[in-house]
Amino acid sequence: MAVQNATTKNTTTQYKKPEMSAKIAGALAGYTAFGTIVSTTSPQISRFCQEQMQQLQSSISQDTFETVRKGMGRVIEETGLLDKGVRLIKAGEENREVVSEILSSDLNRGIARFLPKSYKDMQKQCVLRQVEEGANAFFSQASNAVVVPKKGIELAFFHEVGHALNANKSTLTKILQKCRPLTILATPILLIGLLKDKKAPDEKPKNKLDKATTFIKENAGKLSFAAFVPMLLEEGLASLKGNKLSKQFFDFDIAKNVAKSNGYGFLSYLGMATAFSLGTVLAIKIRDSIAAPKKTYKKENTQKA
């Protein structure tokens, strides 16, 4: 007896790559979401921290500030920073050019030297104005100088001395300071996440570069935050050292207020890193939801005798 051939249909799952228009739309939508988060969340956190620090500053008596101002030189000397060549500069109109040169030296070293001159000039003028208004203090690595306003933001002095100690008293913390510019890596991490196509479930990397960029895309949020870790560590250590100095040289009330002020300062940096990391994660999710590989089905006929 003859046996007839039987025909069956098998369905194979396949994935179609997104169109270029979907990739562009997804990248733009993702970047817009990222920009919205970073430009709103981070400034709001910074503004909150600054307001808290200003309120703290305004609640302290002038006698307390005078005590701190008079003791600044003693702190620099007795911590051994004076022997390391650290200068204490109390900024005012009479030494504006000196402070301007210090800022220029910082803005013309490392990665910052490649920034546009117009941007660096704008940054310099902004910091100069803040220092003159008593709203900012800083430590210059290039000039090895602690710069504080003649009056105002006295509590920040201890944090800046902490930076000076990091730069002059420990090789590890000096390395951390030099690694602070690694925060710039968060930008290419974001761009790779937005421009790289999401892999289909059964798709394997084609080569080492494809494997590396796939890893970056899949871990972009974590890697973005990791780029800020050296800065966060160095800032945290500067605050801890500043807190310790305030206890060592001044009374409990001053030390308590220094610790609070430094805590708000660190929170502003942590908020920036977190906003950038979460913004990166959301941006990539939005991009991939618009330009994800689409599932298709292919039917194949097979015959059995």
# chains A, B, ... in the order shown; residues from 1 in each chain; ligands from 1
call {"tool": "select_by_dssp", "arguments": {"residues": "stretch 73-239 of chain A", "states": "strand (DSSP E)", "output": "MDAnalysis selection string"}}
result
chainID A and resid 87:91 138:140 145:149
call {"tool": "select_by_dssp", "arguments": {"residues": "stretch 96-278 of chain A", "states": "helix (DSSP H, G or I)", "output": "PyMOL selection string"}}
result
chain A and resi 96-107+110-114+117-132+156-168+171-178+180-195+208-218+220-249+252-278
call {"tool": "residues_around", "arguments": {"residues": "A:Leu237", "least_positions_apart": "4", "cutoff": "8 Å", "atoms": "only C-alpha atoms", "output": "PyMOL selection string"}}
result
chain A and resi 162+166+233+241
call {"tool": "residues_around", "arguments": {"residues": "A:Lys174", "least_positions_apart": "2", "cutoff": "12 Å", "atoms": "only C-alpha atoms", "output": "MDAnalysis selection string"}}
result
chainID A and resid 141 162:172 176:180 230:231 233:235 237:238
call {"tool": "write_last_selection", "arguments": {"atoms": "C-alpha atoms", "output": "PDB file, in the first residue's frame"}}
result
ATOM      1  CA  GLN A 141      45.412  72.320  42.349  1.00  0.00           C
ATOM      2  CA  GLY A 162      40.390  69.197  53.093  1.00  0.00           C
ATOM      3  CA  HIS A 163      41.038  69.397  49.333  1.00  0.00           C
ATOM      4  CA  ALA A 164      44.464  70.884  50.055  1.00  0.00           C
ATOM      5  CA  LEU A 165      45.246  67.968  52.388  1.00  0.00           C
ATOM      6  CA  ASN A 166      44.104  65.505  49.711  1.00  0.00           C
ATOM      7  CA  ALA A 167      46.469  67.120  47.209  1.00  0.00           C
ATOM      8  CA  ASN A 168      49.508  67.425  49.490  1.00  0.00           C
ATOM      9  CA  LYS A 169      49.375  64.794  52.215  1.00  0.00           C
ATOM     10  CA  SER A 170      48.385  61.537  50.503  1.00  0.00           C
ATOM     11  CA  THR A 171      49.345  59.922  47.197  1.00  0.00           C
ATOM     12  CA  LEU A 172      46.013  58.055  46.984  1.00  0.00           C
ATOM     13  CA  LEU A 176      41.670  60.719  43.186  1.00  0.00           C
ATOM     14  CA  GLN A 177      41.883  64.454  42.528  1.00  0.00           C
ATOM     15  CA  LYS A 178      43.564  63.832  39.191  1.00  0.00           C
ATOM     16  CA  CYS A 179      40.823  61.323  38.301  1.00  0.00           C
ATOM     17  CA  ARG A 180      37.998  63.826  38.841  1.00  0.00           C
ATOM     18  CA  PRO A 230      36.418  59.466  41.984  1.00  0.00           C
ATOM     19  CA  MET A 231      34.924  62.943  42.343  1.00  0.00           C
ATOM     20  CA  LEU A 233      35.172  60.009  46.970  1.00  0.00           C
ATOM     21  CA  GLU A 234      37.505  62.996  46.827  1.00  0.00           C
ATOM     22  CA  GLU A 235      34.739  65.416  47.811  1.00  0.00           C
ATOM     23  CA  LEU A 237      37.195  62.790  51.998  1.00  0.00           C
ATOM     24  CA  ALA A 238      37.733  66.558  51.799  1.00  0.00           C
TER      25      ALA A 238
END
call {"tool": "residues_around", "arguments": {"residues": "A:Gln44", "least_positions_apart": "4", "cutoff": "10 Å", "atoms": "only C-alpha atoms", "output": "list of chain:residue names"}}
result
A:Val38, A:Ser39, A:Thr40, A:Phe48, A:Cys49, A:Gln50, A:Ser268, A:Gly271, A:Met272
call {"tool": "closest_residue", "arguments": {"among": "A:Ile192, A:Ala91, A:Cys126, A:Val258", "to": "A:Lys151", "atoms": "only C-alpha atoms"}}
result
A:Ala91
call {"tool": "residues_around", "arguments": {"residues": "stretch 17-27 of chain A", "least_positions_apart": "4", "cutoff": "7 Å", "atoms": "only C-alpha atoms", "output": "ChimeraX atom specification"}}
result
/A:31,194-195,286-288,290-294
call {"tool": "residues_around", "arguments": {"residues": "stretch 63-69 of chain A", "least_positions_apart": "2", "cutoff": "9 Å", "atoms": "only C-alpha atoms", "output": "short mmCIF file (atom, residue, chain, number, x, y, z; two decimals) with N, CA and C atoms, in the first residue's frame"}}
result
data_model
loop_
_atom_site.label_atom_id
_atom_site.label_comp_id
_atom_site.auth_asym_id
_atom_site.auth_seq_id
_atom_site.Cartn_x
_atom_site.Cartn_y
_atom_site.Cartn_z
N ILE A 60 24.46 82.00 62.16
CA ILE A 60 25.64 81.98 63.03
C ILE A 60 26.08 83.42 63.32
N SER A 61 26.54 83.64 64.52
CA SER A 61 26.93 84.99 64.94
C SER A 61 28.19 85.46 64.24
N GLY A 71 41.48 82.34 62.65
CA GLY A 71 42.18 81.06 62.83
C GLY A 71 42.58 80.37 61.54
N MET A 72 42.21 80.94 60.38
CA MET A 72 42.49 80.28 59.10
C MET A 72 43.98 80.07 58.87
N GLY A 73 44.76 81.11 59.11
CA GLY A 73 46.21 81.00 58.91
C GLY A 73 46.82 79.95 59.81
N LYS A 150 37.04 87.44 51.60
CA LYS A 150 37.40 88.11 52.85
C LYS A 150 36.28 88.02 53.88
N LYS A 151 35.07 87.95 53.37
CA LYS A 151 33.92 87.84 54.26
C LYS A 151 32.83 87.03 53.57
N GLY A 152 32.29 86.06 54.30
CA GLY A 152 31.25 85.22 53.73
C GLY A 152 31.72 83.80 53.52
N GLU A 154 32.40 81.38 55.40
CA GLU A 154 33.54 80.97 56.24
C GLU A 154 33.56 79.47 56.50
N LEU A 155 32.39 78.85 56.63
CA LEU A 155 32.34 77.43 56.95
C LEU A 155 32.95 76.57 55.85
N PHE A 157 35.61 77.07 54.32
CA PHE A 157 37.06 77.07 54.41
C PHE A 157 37.60 75.68 54.77
N PHE A 250 38.61 74.33 66.70
CA PHE A 250 37.55 75.23 67.17
C PHE A 250 36.59 74.49 68.09
N ILE A 254 30.97 75.36 66.33
CA ILE A 254 31.52 75.61 65.00
C ILE A 254 31.66 74.29 64.24
#
call {"tool": "atom_distance", "arguments": {"atom1": "atom CA of A:Leu223", "atom2": "atom CA of A:Thr274"}}
result
11.6 Å
call {"tool": "closest_residue", "arguments": {"among": "A:Lys70, A:Arg109, A:Lys260, A:Lys247", "to": "A:Lys90", "atoms": "only C-alpha atoms"}}
result
A:Lys70
call {"tool": "atom_distance", "arguments": {"atom1": "atom CA of A:Ser140", "atom2": "atom CA of A:Glu160"}}
result
9.2 Å
call {"tool": "decode", "arguments": {"residues": "stretch 76-151 of chain A", "atoms": "C-alpha atoms", "output": "PDB file, in the first residue's frame"}}
result
ATOM      1  CA  ILE A  76      47.148  76.145  57.272  1.00  0.00           C
ATOM      2  CA  GLU A  77      50.340  76.353  59.300  1.00  0.00           C
ATOM      3  CA  GLU A  78      49.671  73.702  61.946  1.00  0.00           C
ATOM      4  CA  THR A  79      48.416  71.100  59.450  1.00  0.00           C
ATOM      5  CA  GLY A  80      51.788  71.292  57.699  1.00  0.00           C
ATOM      6  CA  LEU A  81      50.234  72.689  54.519  1.00  0.00           C
ATOM      7  CA  LEU A  82      52.328  75.843  54.721  1.00  0.00           C
ATOM      8  CA  ASP A  83      55.460  73.683  54.523  1.00  0.00           C
ATOM      9  CA  LYS A  84      53.982  72.074  51.403  1.00  0.00           C
ATOM     10  CA  GLY A  85      53.723  75.458  49.729  1.00  0.00           C
ATOM     11  CA  VAL A  86      49.975  75.938  50.178  1.00  0.00           C
ATOM     12  CA  ARG A  87      48.923  79.589  50.071  1.00  0.00           C
ATOM     13  CA  LEU A  88      45.880  81.056  51.801  1.00  0.00           C
ATOM     14  CA  ILE A  89      44.394  83.863  49.747  1.00  0.00           C
ATOM     15  CA  LYS A  90      41.603  86.033  51.104  1.00  0.00           C
ATOM     16  CA  ALA A  91      40.085  87.390  47.925  1.00  0.00           C
ATOM     17  CA  GLY A  92      39.041  91.001  47.478  1.00  0.00           C
ATOM     18  CA  GLU A  93      39.122  93.763  44.900  1.00  0.00           C
ATOM     19  CA  GLU A  94      42.773  94.534  45.658  1.00  0.00           C
ATOM     20  CA  ASN A  95      43.936  91.033  44.625  1.00  0.00           C
ATOM     21  CA  ARG A  96      41.341  90.303  41.923  1.00  0.00           C
ATOM     22  CA  GLU A  97      44.052  89.811  39.281  1.00  0.00           C
ATOM     23  CA  VAL A  98      45.830  87.254  41.462  1.00  0.00           C
ATOM     24  CA  VAL A  99      42.636  85.211  41.868  1.00  0.00           C
ATOM     25  CA  SER A 100      41.938  85.574  38.137  1.00  0.00           C
ATOM     26  CA  GLU A 101      45.383  84.143  37.306  1.00  0.00           C
ATOM     27  CA  ILE A 102      44.825  81.241  39.703  1.00  0.00           C
ATOM     28  CA  LEU A 103      41.518  80.383  38.014  1.00  0.00           C
ATOM     29  CA  SER A 104      43.150  80.647  34.581  1.00  0.00           C
ATOM     30  CA  SER A 105      45.880  78.213  35.623  1.00  0.00           C
ATOM     31  CA  ASP A 106      43.235  75.655  36.669  1.00  0.00           C
ATOM     32  CA  LEU A 107      41.229  76.139  33.466  1.00  0.00           C
ATOM     33  CA  ASN A 108      44.289  75.628  31.268  1.00  0.00           C
ATOM     34  CA  ARG A 109      45.393  72.234  32.540  1.00  0.00           C
ATOM     35  CA  GLY A 110      44.211  68.667  31.975  1.00  0.00           C
ATOM     36  CA  ILE A 111      41.063  68.097  29.931  1.00  0.00           C
ATOM     37  CA  ALA A 112      39.873  71.645  30.658  1.00  0.00           C
ATOM     38  CA  ARG A 113      42.549  73.082  28.356  1.00  0.00           C
ATOM     39  CA  PHE A 114      40.607  71.771  25.342  1.00  0.00           C
ATOM     40  CA  LEU A 115      37.438  73.682  26.233  1.00  0.00           C
ATOM     41  CA  PRO A 116      36.572  76.775  24.146  1.00  0.00           C
ATOM     42  CA  LYS A 117      38.209  79.972  25.390  1.00  0.00           C
ATOM     43  CA  SER A 118      34.842  81.735  25.546  1.00  0.00           C
ATOM     44  CA  TYR A 119      33.491  79.028  27.860  1.00  0.00           C
ATOM     45  CA  LYS A 120      36.558  79.176  30.126  1.00  0.00           C
ATOM     46  CA  ASP A 121      36.368  82.960  30.313  1.00  0.00           C
ATOM     47  CA  MET A 122      32.700  82.737  31.265  1.00  0.00           C
ATOM     48  CA  GLN A 123      33.472  80.174  33.986  1.00  0.00           C
ATOM     49  CA  LYS A 124      36.305  82.311  35.344  1.00  0.00           C
ATOM     50  CA  GLN A 125      34.181  85.448  35.538  1.00  0.00           C
ATOM     51  CA  CYS A 126      31.359  83.525  37.216  1.00  0.00           C
ATOM     52  CA  VAL A 127      33.623  82.136  39.963  1.00  0.00           C
ATOM     53  CA  LEU A 128      35.344  85.508  40.417  1.00  0.00           C
ATOM     54  CA  ARG A 129      31.985  87.192  40.953  1.00  0.00           C
ATOM     55  CA  GLN A 130      30.865  84.497  43.423  1.00  0.00           C
ATOM     56  CA  VAL A 131      34.080  84.804  45.439  1.00  0.00           C
ATOM     57  CA  GLU A 132      33.848  88.592  45.548  1.00  0.00           C
ATOM     58  CA  GLU A 133      30.229  88.334  46.716  1.00  0.00           C
ATOM     59  CA  GLY A 134      31.263  85.938  49.496  1.00  0.00           C
ATOM     60  CA  ALA A 135      29.326  83.032  47.951  1.00  0.00           C
ATOM     61  CA  ASN A 136      32.166  80.719  46.886  1.00  0.00           C
ATOM     62  CA  ALA A 137      35.560  79.396  47.958  1.00  0.00           C
ATOM     63  CA  PHE A 138      37.840  76.933  46.199  1.00  0.00           C
ATOM     64  CA  PHE A 139      41.143  75.060  46.231  1.00  0.00           C
ATOM     65  CA  SER A 140      43.376  75.415  43.188  1.00  0.00           C
ATOM     66  CA  GLN A 141      45.412  72.320  42.349  1.00  0.00           C
ATOM     67  CA  ALA A 142      47.490  74.161  39.753  1.00  0.00           C
ATOM     68  CA  SER A 143      48.456  76.991  42.142  1.00  0.00           C
ATOM     69  CA  ASN A 144      48.276  74.972  45.378  1.00  0.00           C
ATOM     70  CA  ALA A 145      46.169  77.708  46.939  1.00  0.00           C
ATOM     71  CA  VAL A 146      43.100  77.883  49.185  1.00  0.00           C
ATOM     72  CA  VAL A 147      41.044  80.876  48.051  1.00  0.00           C
ATOM     73  CA  VAL A 148      38.335  82.234  50.326  1.00  0.00           C
ATOM     74  CA  PRO A 149      36.406  85.519  50.270  1.00  0.00           C
ATOM     75  CA  LYS A 150      37.400  88.108  52.854  1.00  0.00           C
ATOM     76  CA  LYS A 151      33.921  87.843  54.264  1.00  0.00           C
TER      77      LYS A 151
END
